[in-house]
file data-v3.txt (compact mmCIF, C-alpha atoms)
# COMPACT_ATOMS: atom_id res chain seq x y z
CA MET X 23 3.63 -60.28 28.06
CA ALA X 24 1.52 -59.86 31.14
CA ARG X 25 0.33 -56.31 31.59
CA LEU X 26 0.15 -54.38 34.83
CA GLN X 27 -3.49 -53.45 34.87
CA SER X 28 -4.68 -53.26 38.45
CA GLY X 29 -3.59 -51.73 41.71
CA LEU X 30 -1.35 -48.73 42.26
CA LEU X 31 1.10 -49.78 39.58
CA GLY X 32 -1.72 -50.20 37.09
CA ASP X 33 -3.00 -46.71 37.89
CA LEU X 34 0.47 -45.29 37.25
CA VAL X 35 0.75 -47.06 33.89
CA THR X 36 -2.69 -45.80 32.86
CA ALA X 37 -1.75 -42.23 33.87
CA LEU X 38 1.52 -42.35 31.91
CA ARG X 39 -0.33 -43.52 28.82
CA ARG X 40 -2.05 -40.12 28.66
CA LEU X 41 1.25 -38.62 27.51
CA PRO X 42 1.57 -38.07 23.76
CA GLY X 43 3.45 -40.87 22.02
CA VAL X 44 3.37 -43.20 25.03
CA GLY X 45 1.76 -46.58 24.39
CA PRO X 46 1.14 -49.38 26.89
CA ARG X 47 4.61 -50.84 26.58
CA SER X 48 6.53 -47.58 27.06
CA ALA X 49 4.23 -46.63 29.94
CA GLN X 50 5.03 -49.88 31.68
CA ARG X 51 8.75 -49.40 31.12
CA MET X 52 8.62 -45.88 32.57
CA ALA X 53 6.64 -47.04 35.61
CA LEU X 54 9.05 -49.89 36.35
CA HIS X 55 12.06 -47.64 35.88
CA LEU X 56 10.74 -45.01 38.28
CA LEU X 57 9.79 -47.49 40.97
CA GLU X 58 12.68 -49.94 40.76
CA ARG X 59 15.66 -47.85 39.71
CA ASP X 60 15.01 -44.23 40.55
CA ARG X 61 12.54 -43.57 43.35
CA ASP X 62 14.15 -40.22 43.91
CA ALA X 63 13.30 -39.07 40.40
CA ALA X 64 9.78 -40.35 40.87
CA THR X 65 9.28 -38.15 43.93
CA ARG X 66 10.71 -35.13 42.15
CA LEU X 67 8.56 -35.75 39.06
CA ALA X 68 5.43 -36.04 41.18
CA GLY X 69 6.25 -32.85 43.07
CA ALA X 70 7.06 -30.89 39.93
CA LEU X 71 3.84 -32.01 38.26
CA MET X 72 1.69 -31.06 41.24
CA ALA X 73 3.38 -27.67 41.53
CA ALA X 74 3.10 -26.93 37.80
CA VAL X 75 -0.55 -27.91 37.58
CA ALA X 76 -1.36 -25.69 40.55
CA GLY X 77 0.89 -22.76 39.63
CA VAL X 78 0.81 -22.41 35.85
CA GLY X 79 -2.14 -20.73 34.20
CA HIS X 80 -2.73 -18.70 31.07
CA CYS X 81 -1.39 -15.19 30.51
CA ARG X 82 -4.20 -12.64 30.72
CA LEU X 83 -3.01 -10.88 27.56
CA CYS X 84 -1.54 -13.40 25.13
CA ARG X 85 -3.13 -16.64 26.44
CA ALA X 86 0.26 -18.44 26.51
CA LEU X 87 1.19 -20.47 29.59
CA ALA X 88 2.30 -18.26 32.48
CA GLU X 89 2.96 -18.55 36.20
CA ALA X 90 1.87 -15.01 37.00
CA GLU X 91 -1.06 -13.05 35.64
CA LEU X 92 1.16 -12.04 32.72
CA CYS X 93 3.72 -14.21 30.93
CA GLU X 94 7.38 -13.16 30.79
CA VAL X 95 7.06 -11.65 27.31
CA CYS X 96 3.95 -9.61 28.09
CA ALA X 97 5.40 -8.40 31.40
CA ASP X 98 8.74 -7.36 29.87
CA PRO X 99 8.82 -3.54 29.60
CA GLU X 100 11.62 -3.78 27.01
CA ARG X 101 9.30 -5.47 24.51
CA ASP X 102 7.69 -3.31 21.84
CA ALA X 103 4.04 -2.94 22.88
CA GLY X 104 3.13 -1.57 19.46
CA THR X 105 3.65 -4.85 17.59
CA LEU X 106 1.55 -7.95 18.13
CA CYS X 107 2.35 -11.32 16.58
CA VAL X 108 -0.54 -13.81 16.26
CA VAL X 109 0.44 -17.50 16.39
CA GLU X 110 -1.56 -20.74 16.51
CA THR X 111 0.12 -22.53 19.43
CA PRO X 112 2.56 -21.93 22.30
CA SER X 113 5.14 -24.02 20.43
CA ASP X 114 4.94 -21.56 17.51
CA LEU X 115 5.63 -18.76 20.01
CA LEU X 116 8.66 -20.65 21.33
CA ALA X 117 9.93 -21.25 17.79
CA ILE X 118 9.79 -17.52 17.03
CA GLU X 119 11.47 -16.68 20.34
CA THR X 120 14.23 -19.21 19.64
CA ALA X 121 14.78 -17.75 16.17
CA GLY X 122 15.21 -14.34 17.80
CA GLY X 123 14.86 -11.00 16.09
CA TYR X 124 11.26 -10.33 17.07
CA ARG X 125 10.89 -7.80 19.87
CA GLY X 126 7.13 -7.32 20.01
CA ARG X 127 4.42 -9.17 21.90
CA TYR X 128 2.23 -12.15 21.09
CA PHE X 129 -1.30 -13.45 20.96
CA VAL X 130 -1.77 -17.24 20.98
CA LEU X 131 -4.94 -18.51 19.29
CA MET X 132 -4.66 -22.03 20.76
CA GLY X 133 -5.83 -23.44 17.45
CA ARG X 134 -6.94 -22.36 14.00
CA LEU X 135 -10.23 -21.84 12.22
CA SER X 136 -11.44 -25.20 10.99
CA PRO X 137 -15.14 -25.18 10.14
CA ILE X 138 -15.16 -28.89 9.31
CA ASP X 139 -13.88 -29.69 12.82
CA GLY X 140 -16.38 -27.24 14.29
CA VAL X 141 -13.73 -24.69 15.35
CA GLY X 142 -15.12 -21.17 14.83
CA PRO X 143 -13.88 -17.63 15.58
CA GLU X 144 -14.99 -17.68 19.25
CA ASP X 145 -13.04 -20.88 19.88
CA ILE X 146 -9.73 -19.25 18.93
CA GLY X 147 -10.15 -16.08 20.98
CA VAL X 148 -10.99 -13.63 18.18
CA PRO X 149 -13.15 -11.48 20.50
CA GLU X 150 -10.26 -11.26 23.02
CA LEU X 151 -7.82 -10.32 20.25
CA LEU X 152 -10.08 -7.56 18.93
CA ALA X 153 -10.60 -6.29 22.50
CA ARG X 154 -6.81 -5.96 22.87
CA LEU X 155 -6.69 -3.82 19.72
CA GLY X 156 -9.16 -1.47 21.36
CA ASN X 157 -7.46 -1.38 24.78
CA GLU X 158 -3.80 -1.07 23.81
CA SER X 159 -1.92 1.16 21.42
CA ILE X 160 -1.06 -1.56 18.89
CA GLU X 161 0.25 -0.27 15.57
CA GLU X 162 0.85 -3.47 13.66
CA VAL X 163 -0.44 -7.03 13.89
CA ILE X 164 1.75 -9.71 12.30
CA LEU X 165 -0.19 -12.84 11.36
CA ALA X 166 2.12 -15.83 11.85
CA THR X 167 -0.40 -18.65 11.47
CA ASN X 168 0.76 -21.78 9.65
CA ALA X 169 1.01 -21.92 5.86
CA THR X 170 -1.76 -24.54 5.72
CA VAL X 171 -5.21 -24.09 4.24
CA GLU X 172 -6.65 -23.58 7.73
CA GLY X 173 -3.84 -21.24 8.77
CA GLU X 174 -4.44 -19.14 5.64
CA ALA X 175 -8.18 -19.05 6.23
CA THR X 176 -7.52 -17.94 9.82
CA ALA X 177 -5.12 -15.22 8.62
CA HIS X 178 -7.60 -13.90 6.06
CA TYR X 179 -10.45 -13.89 8.57
CA LEU X 180 -8.35 -12.03 11.15
CA ALA X 181 -6.89 -9.60 8.59
CA GLU X 182 -10.35 -8.35 7.59
CA ARG X 183 -11.40 -7.73 11.17
CA ILE X 184 -8.10 -6.15 12.22
CA ARG X 185 -8.19 -3.81 9.20
CA ALA X 186 -11.78 -2.89 10.11
CA ALA X 187 -10.46 -1.93 13.58
CA GLY X 188 -8.06 0.49 11.88
CA VAL X 189 -4.83 -1.36 12.72
CA ALA X 190 -2.14 -2.20 10.14
CA VAL X 191 -1.87 -5.93 9.51
CA SER X 192 0.81 -8.03 7.81
CA ARG X 193 1.34 -11.70 7.04
CA ILE X 194 4.67 -13.51 7.43
CA ALA X 195 6.21 -14.46 4.07
CA HIS X 196 6.30 -18.04 2.83
CA GLY X 197 8.90 -19.17 0.38
CA VAL X 198 12.03 -21.08 -0.33
CA PRO X 199 13.62 -22.27 2.94
CA VAL X 200 17.11 -21.09 3.80
CA GLY X 201 19.53 -23.58 2.29
CA GLY X 202 16.81 -24.87 -0.06
CA GLU X 203 17.28 -25.60 -3.73
CA LEU X 204 14.55 -24.49 -6.12
CA GLU X 205 14.55 -27.81 -7.92
CA PHE X 206 13.26 -29.57 -4.80
CA VAL X 207 10.78 -26.96 -3.62
CA ASP X 208 7.12 -27.89 -4.19
CA GLY X 209 5.01 -25.90 -6.67
CA GLY X 210 2.78 -24.25 -4.07
CA THR X 211 5.72 -22.89 -2.10
CA LEU X 212 7.43 -21.70 -5.24
CA SER X 213 4.37 -19.81 -6.49
CA HIS X 214 4.05 -18.18 -3.03
CA ALA X 215 7.73 -17.26 -3.19
CA PHE X 216 7.13 -15.54 -6.54
CA SER X 217 4.01 -13.64 -5.54
CA GLY X 218 5.74 -12.52 -2.33
CA ARG X 219 9.02 -11.47 -3.99
CA ILE X 220 10.77 -8.34 -2.75
CA ARG X 221 12.45 -5.67 -4.82
CA LEU X 222 16.18 -5.32 -4.29
CA SER X 223 17.26 -1.75 -4.00
CA MET D 12 -5.54 -48.36 -6.38
CA ASN D 13 -4.18 -45.43 -8.30
CA GLU D 14 -6.51 -42.51 -8.80
CA PRO D 15 -6.72 -38.75 -9.14
CA ALA D 16 -7.95 -37.17 -5.91
CA PHE D 17 -8.61 -33.98 -4.00
CA VAL D 18 -8.01 -33.78 -0.25
CA LEU D 19 -11.22 -32.60 1.43
CA HIS D 20 -9.94 -32.60 5.00
CA THR D 21 -7.12 -33.90 7.15
CA ARG D 22 -6.94 -34.43 10.86
CA PRO D 23 -4.02 -35.51 13.05
CA TRP D 24 -3.93 -39.16 14.01
CA ARG D 25 -1.59 -40.66 16.60
CA GLU D 26 1.77 -38.96 16.94
CA THR D 27 2.94 -38.41 13.40
CA SER D 28 0.13 -39.54 11.10
CA LEU D 29 -2.89 -37.99 9.44
CA ILE D 30 -6.31 -39.23 8.46
CA ALA D 31 -7.28 -37.65 5.15
CA GLU D 32 -10.68 -37.62 3.50
CA LEU D 33 -10.23 -37.78 -0.26
CA LEU D 34 -12.61 -37.15 -3.13
CA THR D 35 -11.92 -39.47 -6.05
CA PRO D 36 -13.79 -40.14 -9.31
CA GLY D 37 -13.88 -43.95 -9.07
CA HIS D 38 -14.44 -44.47 -5.35
CA GLY D 39 -16.13 -41.24 -4.30
CA ARG D 40 -15.14 -40.23 -0.81
CA VAL D 41 -12.30 -42.34 0.60
CA GLY D 42 -10.74 -42.18 4.06
CA VAL D 43 -7.01 -42.91 4.16
CA VAL D 44 -4.36 -43.00 6.86
CA ALA D 45 -1.17 -41.22 5.84
CA ARG D 46 1.46 -42.74 8.11
CA GLY D 47 4.20 -40.42 9.23
CA ALA D 48 2.72 -37.58 7.20
CA ARG D 49 3.25 -35.02 9.96
CA ARG D 50 6.90 -35.88 10.34
CA GLY D 51 9.55 -34.66 7.92
CA ARG D 52 8.99 -33.17 4.51
CA LYS D 53 9.08 -36.01 2.05
CA GLY D 54 5.54 -36.90 1.02
CA GLY D 55 4.54 -35.11 4.20
CA ALA D 56 1.59 -33.04 5.26
CA GLY D 57 2.69 -30.29 2.91
CA SER D 58 1.59 -32.38 -0.01
CA LEU D 59 -1.74 -33.37 1.60
CA GLN D 60 -3.38 -29.97 1.45
CA PRO D 61 -6.84 -29.30 0.05
CA PHE D 62 -7.38 -27.61 -3.33
CA ALA D 63 -4.72 -29.46 -5.28
CA LEU D 64 -5.30 -32.13 -7.89
CA MET D 65 -3.28 -35.15 -6.76
CA GLN D 66 -2.44 -38.60 -7.97
CA VAL D 67 -2.81 -41.01 -5.05
CA ALA D 68 -2.38 -44.71 -4.43
CA TRP D 69 -3.70 -46.65 -1.46
CA ARG D 70 -3.97 -50.22 -0.28
CA GLY D 71 -6.13 -52.13 2.14
CA ARG D 72 -9.87 -52.33 2.48
CA GLY D 73 -12.59 -51.30 4.89
CA GLU D 74 -13.37 -47.90 6.41
CA LEU D 75 -9.82 -46.58 6.35
CA ARG D 76 -7.26 -47.38 3.66
CA THR D 77 -3.53 -46.87 3.91
CA LEU D 78 -2.12 -44.16 1.68
CA VAL D 79 0.87 -45.46 -0.26
CA SER D 80 1.76 -42.42 -2.32
CA ALA D 81 0.41 -38.96 -3.03
CA GLU D 82 1.77 -36.61 -5.62
CA THR D 83 0.51 -33.13 -6.39
CA GLU D 84 -0.27 -32.71 -10.07
CA GLN D 85 -1.65 -29.21 -9.97
CA ALA D 86 -2.00 -26.90 -7.00
CA LEU D 87 -4.99 -24.55 -7.26
CA PRO D 88 -4.15 -21.96 -4.63
CA LEU D 89 -7.24 -20.26 -3.19
CA THR D 90 -6.79 -17.02 -1.30
CA GLY D 91 -9.02 -14.75 0.75
CA GLU D 92 -12.78 -15.17 0.35
CA ARG D 93 -12.15 -17.85 -2.26
CA LEU D 94 -10.53 -19.96 0.42
CA PHE D 95 -13.70 -19.69 2.52
CA ALA D 96 -15.72 -20.71 -0.55
CA GLY D 97 -13.47 -23.74 -1.02
CA LEU D 98 -13.77 -24.75 2.64
CA TYR D 99 -17.54 -24.46 2.26
CA LEU D 100 -17.48 -26.85 -0.73
CA ASN D 101 -15.41 -29.34 1.27
CA GLU D 102 -17.66 -29.18 4.31
CA LEU D 103 -20.72 -29.64 2.10
CA LEU D 104 -19.25 -32.73 0.44
CA LEU D 105 -18.16 -34.28 3.75
CA ARG D 106 -21.67 -33.83 5.08
CA LEU D 107 -23.42 -35.18 1.99
CA LEU D 108 -21.23 -37.96 0.60
CA GLN D 109 -21.07 -41.48 1.96
CA ARG D 110 -17.70 -43.20 1.78
CA GLU D 111 -16.94 -45.39 -1.23
CA ASP D 112 -19.80 -44.29 -3.47
CA SER D 113 -18.44 -43.67 -6.95
CA GLN D 114 -19.33 -40.16 -8.12
CA GLN D 115 -17.65 -39.36 -11.41
CA GLU D 116 -19.69 -36.19 -12.08
CA ILE D 117 -19.26 -34.79 -8.58
CA PHE D 118 -15.50 -35.17 -8.92
CA SER D 119 -15.34 -33.35 -12.24
CA ASP D 120 -17.77 -30.64 -11.09
CA TYR D 121 -15.70 -30.14 -7.95
CA ALA D 122 -12.45 -29.97 -9.93
CA ALA D 123 -13.96 -27.45 -12.36
CA THR D 124 -15.41 -25.32 -9.52
CA VAL D 125 -12.13 -25.17 -7.59
CA ALA D 126 -10.26 -24.30 -10.80
CA ARG D 127 -12.80 -21.54 -11.51
CA LEU D 128 -12.47 -20.14 -7.99
CA ALA D 129 -8.67 -20.14 -8.28
CA ALA D 130 -8.82 -18.33 -11.64
CA LEU D 131 -11.22 -15.53 -10.57
CA PRO D 132 -9.62 -12.12 -10.95
CA ALA D 133 -8.79 -10.54 -7.59
CA GLY D 134 -10.89 -7.67 -6.31
CA ASP D 135 -14.16 -8.08 -8.19
CA GLU D 136 -14.80 -11.76 -7.53
CA ALA D 137 -17.88 -11.68 -5.26
CA VAL D 138 -20.60 -12.22 -7.90
CA ALA D 139 -18.65 -14.81 -9.90
CA MET D 140 -17.80 -16.67 -6.69
CA GLU D 141 -21.43 -16.82 -5.57
CA ALA D 142 -22.46 -18.00 -9.03
CA ALA D 143 -19.82 -20.77 -9.02
CA LEU D 144 -21.01 -22.00 -5.59
CA ARG D 145 -24.69 -22.00 -6.60
CA ARG D 146 -23.98 -23.88 -9.85
CA PHE D 147 -22.02 -26.48 -7.91
CA GLU D 148 -24.80 -26.91 -5.35
CA LEU D 149 -27.47 -27.32 -8.02
CA ARG D 150 -25.42 -29.92 -9.91
CA LEU D 151 -24.56 -31.69 -6.65
CA LEU D 152 -28.26 -32.01 -5.80
CA VAL D 153 -28.90 -33.56 -9.22
CA ALA D 154 -25.92 -35.94 -8.95
CA LEU D 155 -27.10 -37.15 -5.53
CA GLY D 156 -30.60 -37.76 -6.86
CA TYR D 157 -32.17 -34.83 -5.01
CA GLY D 158 -32.65 -32.73 -8.12
CA PHE D 159 -35.86 -31.01 -9.23
CA PRO D 160 -36.78 -29.02 -12.35
CA LEU D 161 -36.26 -25.27 -12.20
CA ASP D 162 -38.57 -24.39 -15.07
CA TYR D 163 -41.63 -26.51 -14.12
CA ASP D 164 -43.59 -26.67 -10.88
CA ILE D 165 -44.73 -29.85 -9.09
CA HIS D 166 -48.00 -29.83 -11.08
CA GLY D 167 -46.09 -29.88 -14.36
CA ALA D 168 -46.95 -26.30 -15.27
CA ALA D 169 -44.24 -24.03 -16.69
CA ILE D 170 -42.83 -21.55 -14.15
CA ASP D 171 -44.56 -18.20 -14.56
CA PRO D 172 -42.12 -15.28 -14.38
CA ALA D 173 -44.73 -13.15 -12.63
CA SER D 174 -45.58 -15.65 -9.85
CA ASP D 175 -43.91 -16.65 -6.62
CA TYR D 176 -42.92 -20.20 -5.67
CA GLU D 177 -41.73 -22.14 -2.68
CA LEU D 178 -39.65 -25.29 -2.45
CA LEU D 179 -41.34 -28.37 -1.06
CA PRO D 180 -38.59 -30.69 0.24
CA ASP D 181 -38.05 -33.76 -1.94
CA ALA D 182 -40.83 -32.70 -4.31
CA GLY D 183 -40.06 -29.51 -6.19
CA LEU D 184 -41.31 -25.98 -6.70
CA ALA D 185 -44.90 -25.19 -5.79
CA PRO D 186 -46.73 -21.97 -6.63
CA VAL D 187 -47.46 -19.78 -3.62
CA ALA D 188 -51.16 -18.93 -3.68
CA GLN D 189 -51.67 -15.19 -3.99
CA GLY D 190 -54.23 -15.10 -1.18
CA VAL D 191 -51.99 -17.00 1.20
CA ARG D 192 -49.14 -14.61 0.56
CA GLU D 193 -51.23 -11.54 1.18
CA GLY D 194 -52.70 -13.19 4.23
CA GLY D 195 -49.16 -13.12 5.58
CA ARG D 196 -48.67 -16.87 5.98
CA THR D 197 -45.72 -16.98 3.64
CA ASP D 198 -43.49 -14.00 4.14
CA GLY D 199 -42.03 -12.37 1.05
CA ALA D 200 -38.52 -13.34 2.10
CA SER D 201 -39.01 -17.08 1.69
CA ALA D 202 -40.91 -16.85 -1.60
CA LEU D 203 -38.89 -17.51 -4.75
CA ALA D 204 -39.69 -15.22 -7.69
CA GLY D 205 -40.57 -17.09 -10.91
CA ARG D 206 -38.52 -14.64 -12.93
CA HIS D 207 -35.40 -15.51 -10.92
CA LEU D 208 -36.06 -19.25 -11.14
CA LEU D 209 -36.25 -19.01 -14.93
CA ALA D 210 -32.95 -17.09 -14.99
CA LEU D 211 -31.45 -19.92 -12.92
CA ALA D 212 -32.87 -22.56 -15.26
CA ALA D 213 -31.23 -20.74 -18.16
CA ASP D 214 -27.96 -20.49 -16.16
CA ARG D 215 -28.00 -16.68 -16.11
CA LEU D 216 -26.45 -16.04 -12.71
CA THR D 217 -25.37 -12.45 -13.01
CA GLU D 218 -27.99 -10.34 -11.23
CA ARG D 219 -27.68 -9.89 -7.46
CA GLU D 220 -31.37 -10.63 -6.98
CA VAL D 221 -31.15 -13.89 -8.92
CA LEU D 222 -28.14 -14.95 -6.83
CA LEU D 223 -30.03 -14.22 -3.61
CA THR D 224 -32.97 -16.32 -4.76
CA ALA D 225 -30.56 -19.08 -5.82
CA LYS D 226 -28.95 -19.04 -2.37
CA ARG D 227 -32.31 -19.35 -0.59
CA LEU D 228 -33.33 -22.13 -2.99
CA THR D 229 -30.17 -24.25 -2.58
CA ARG D 230 -30.12 -23.70 1.20
CA ALA D 231 -33.68 -24.96 1.47
CA ALA D 232 -32.95 -27.89 -0.86
CA LEU D 233 -29.78 -28.91 1.00
CA ALA D 234 -31.20 -28.39 4.50
CA SER D 235 -33.14 -31.65 4.58
CA HIS D 236 -30.05 -33.64 3.54
CA ILE D 237 -27.27 -32.16 5.67
CA GLY D 238 -29.11 -32.56 8.96
CA PRO D 239 -29.87 -30.06 11.69
CA ALA D 240 -26.30 -28.97 12.55
CA PRO D 241 -25.40 -25.79 10.65
CA LEU D 242 -22.51 -25.69 8.17
CA ARG D 243 -19.77 -23.95 10.14
CA SER D 244 -17.93 -22.52 7.12
CA ARG D 245 -20.92 -20.24 6.44
CA GLU D 246 -19.88 -18.29 9.57
CA LEU D 247 -16.68 -17.20 7.86
CA PHE D 248 -18.46 -15.16 5.20
CA ARG D 249 -19.49 -11.73 6.32

call {"tool": "encode", "arguments": {"input": "data-v3.txt", "output": "structure tokens"}}
result
Amino acid sequence: MARLQSGLLGDLVTALRRLPGVGPRSAQRMALHLLERDRDAATRLAGALMAAVAGVGHCRLCRALAEAELCEVCADPERDAGTLCVVETPSDLLAIETAGGYRGRYFVLMGRLSPIDGVGPEDIGVPELLARLGNESIEEVILATNATVEGEATAHYLAERIRAAGVAVSRIAHGVPVGGELEFVDGGTLSHAFSGRIRLS
Amino acid sequence: MNEPAFVLHTRPWRETSLIAELLTPGHGRVGVVARGARRGRKGGAGSLQPFALMQVAWRGRGELRTLVSAETEQALPLTGERLFAGLYLNELLLRLLQREDSQQEIFSDYAATVARLAALPAGDEAVAMEAALRRFELRLLVALGYGFPLDYDIHGAAIDPASDYELLPDAGLAPVAQGVREGGRTDGASALAGRHLLALAADRLTEREVLLTAKRLTRAALASHIGPAPLRSRELFR
């Protein structure tokens, strides 16, 4: 199949290929669809992209994406300012928001400690997080990093520094998923579930 | 190929796959692509975590193999500081090992060290953890052919407990001349006490002082082989 490689169309295909999961063939299909079938959508997409790139920045407090200086969660006076939940990525924040039940605020690391990849404490905003503990009246920090080796290392590193700052710190539990059967749960999860058991009263 | 393995590191690749660096006894360090490992649970990323003894199979040849199956045989969960120690071991191996260079002893030493770290009693683990890391480093240097005697100096004389020594890269321990030391050319901090070196040679890694000397010794010995970039996992330790 001949590829569209040069000219305006070629530029569009190359730009679309920057999207995650879009290879040369899908990019070409998208470009042809927009230009042949739906020029209206193409104009809207272009406008929305330009506006979003210009208007969306990072929240001054939690580092999540935000249109204003503060994101909706940080600006909401109803949210509990005494609880701070630390997550790795904005999609983790969205997952917790979708699950509901959490009424505190967030801090997004935009990554995790990974010495082998050269990601150290400064790269995930640890100084900014510790500064927030000093500036605000935060009573508890909930560490909701992933249950991977790097997520655990990040949680342990943060826990030591947060404790040193005199703030209570907790880690989300890992264990058997809701609807899960023990027989099919892997050994690591099961041993976590046992060490993190709770007393029924 | 079907082999026992430890995962040293994984990184995302394409949309749903991972590239994992494995440590195996028969093939040393092996790079494999785990297709679809980030999607779904079955045989997914959850099973490709470091610090678990696995049974893996791969096919293909060249730089990157294709992972066919991976099953966890024994998870060795590391927590807290021990996790940092484990990440340090992994970073060290990734920096020092070439791909596809069979290293039976390194594999068994690594397995034993991770198991020891996992079994350390909580709370009072600092000294035992340091000792485990230093023993691993010393054996790793020997296995890679960078070893040197700890009880004899480069002139073949027995180490004198009352003297100070320094490490000459790729040669061994050399006595620090008394006059030079007093003249201030070699500061006391970089000199290695003979008494501590003999304790190391006899595998007595219990005293704090001996452990400090051991750390300076292995750092100096590893420095010329890991290159100028620092090991980032050292930043995690306080």

call {"tool": "residues_around", "arguments": {"input": "data-v3.txt", "residues": "Glu158 (chain X)", "least_positions_apart": "3", "cutoff": "10 Å", "atoms": "all atoms listed in the file", "output": "NGL selection string"}}
result
:X and (103-104 or 153-155 or 161)

call {"tool": "closest_atom_pairs", "arguments": {"input": "data-v3.txt", "of": "chain D", "to": "chain X", "cutoff": "7 Å", "atoms": "all atoms listed in the file", "output": "Markdown table"}}
result
| residue | atom | partner | partner_atom | distance |
| --- | --- | --- | --- | --- |
| D:Glu26 | CA | X:Gly43 | CA | 5.7 |
| D:Gln60 | CA | X:Val171 | CA | 6.8 |
| D:Pro61 | CA | X:Val171 | CA | 6.9 |
| D:Ala86 | CA | X:Gly210 | CA | 6.2 |
| D:Gly91 | CA | X:His178 | CA | 5.6 |
| D:Leu94 | CA | X:Ala175 | CA | 6.3 |
| D:Phe95 | CA | X:Ala175 | CA | 6.7 |
| D:Glu102 | CA | X:Ile138 | CA | 5.6 |
| D:Arg243 | CA | X:Pro137 | CA | 4.8 |
| D:Ser244 | CA | X:Pro137 | CA | 4.9 |

call {"tool": "residues_near_point", "arguments": {"input": "data-v3.txt", "point": "(-11.0, -45.2, 4.2)", "cutoff": "7 Å", "atoms": "only C-alpha atoms", "output": "list in words"}}
result
Val41, Gly42, Val43, Gly73, Glu74, Leu75 and Arg76 of chain D

call {"tool": "closest_residue", "arguments": {"input": "data-v3.txt", "among": "D:Leu128, D:Leu247, D:Ala142, D:Leu152", "to": "Lys226 (chain D)", "atoms": "all atoms listed in the file"}}
result
D:Ala142

call {"tool": "residues_near_point", "arguments": {"input": "data-v3.txt", "point": "(-1.7, -39.4, -4.3)", "cutoff": "9 Å", "atoms": "only C-alpha atoms", "output": "MDAnalysis selection string"}}
result
chainID D and resid 13:17 58:59 64:69 78:84

call {"tool": "atom_distance", "arguments": {"input": "data-v3.txt", "atom1": "CA of Ala232 (chain D)", "atom2": "CA of Glu246 (chain D)"}}
result
19.3 Å

call {"tool": "residues_around", "arguments": {"input": "data-v3.txt", "residues": "Val125 (chain D)", "least_positions_apart": "4", "cutoff": "9 Å", "atoms": "all atoms listed in the file", "output": "list of chain:residue names"}}
result
D:Phe62, D:Ala63, D:Leu87, D:Leu89, D:Gly97, D:Leu100, D:Asp120, D:Tyr121, D:Ala129, D:Ala130, D:Ala143

call {"tool": "residues_around", "arguments": {"input": "data-v3.txt", "residues": "Val130 (chain X)", "least_positions_apart": "2", "cutoff": "7 Å", "atoms": "only C-alpha atoms", "output": "JSON, numbers by chain"}}
result
{"X": [84, 85, 86, 108, 109, 110, 111, 112, 128, 132]}

call {"tool": "residues_around", "arguments": {"input": "data-v3.txt", "residues": "Gly77 (chain X)", "least_positions_apart": "2", "cutoff": "9 Å", "atoms": "all atoms listed in the file", "output": "PyMOL selection string"}}
result
chain X and resi 72-75+79+88-90

call {"tool": "residues_around", "arguments": {"input": "data-v3.txt", "residues": "Ala187 (chain X)", "least_positions_apart": "4", "cutoff": "8 Å", "atoms": "all atoms listed in the file", "output": "JSON, numbers by chain"}}
result
{"X": [152, 155, 156, 183]}

call {"tool": "closest_residue", "arguments": {"input": "data-v3.txt", "among": "D:Arg46, D:Arg25, D:Arg40, D:Arg227", "to": "Glu148 (chain D)", "atoms": "all atoms listed in the file"}}
result
D:Arg227

call {"tool": "closest_residue", "arguments": {"input": "data-v3.txt", "among": "X:Leu115, X:Arg66, X:Gly133, X:Cys107", "to": "Val191 (chain X)", "atoms": "only C-alpha atoms"}}
result
X:Cys107

call {"tool": "atom_distance", "arguments": {"input": "data-v3.txt", "atom1": "CA of Ala212 (chain D)", "atom2": "CA of Pro239 (chain D)"}}
result
28.1 Å

call {"tool": "closest_residue", "arguments": {"input": "data-v3.txt", "among": "D:Ile30, D:Leu103, D:Ala210, D:Ala185", "to": "Thr224 (chain D)", "atoms": "all atoms listed in the file"}}
result
D:Ala210

call {"tool": "atom_distance", "arguments": {"input": "data-v3.txt", "atom1": "CA of Arg39 (chain X)", "atom2": "CA of Arg50 (chain D)"}}
result
21.3 Å

call {"tool": "decode", "arguments": {"input": "data-v3.txt", "residues": "region 113-118 of chain X", "atoms": "N, CA and C atoms", "output": "JSON list (two decimals), in the first residue's frame"}}
result
[["chain", "number", "residue", "atom", "x", "y", "z"],
["X", 113, "SER", "N", -4.39, 9.53, 35.88],
["X", 113, "SER", "CA", -5.43, 8.51, 35.69],
["X", 113, "SER", "C", -5.73, 7.77, 36.99],
["X", 114, "ASP", "N", -4.72, 7.67, 37.89],
["X", 114, "ASP", "CA", -4.99, 7.09, 39.21],
["X", 114, "ASP", "C", -5.96, 7.98, 39.99],
["X", 115, "LEU", "N", -5.72, 9.31, 39.86],
["X", 115, "LEU", "CA", -6.62, 10.27, 40.54],
["X", 115, "LEU", "C", -8.05, 10.08, 40.03],
["X", 116, "LEU", "N", -8.20, 9.98, 38.71],
["X", 116, "LEU", "CA", -9.53, 9.82, 38.13],
["X", 116, "LEU", "C", -10.17, 8.52, 38.60],
["X", 117, "ALA", "N", -9.37, 7.45, 38.70],
["X", 117, "ALA", "CA", -9.91, 6.17, 39.15],
["X", 117, "ALA", "C", -10.46, 6.29, 40.57],
["X", 118, "ILE", "N", -9.72, 6.99, 41.43],
["X", 118, "ILE", "CA", -10.18, 7.13, 42.82],
["X", 118, "ILE", "C", -11.44, 8.00, 42.87]]
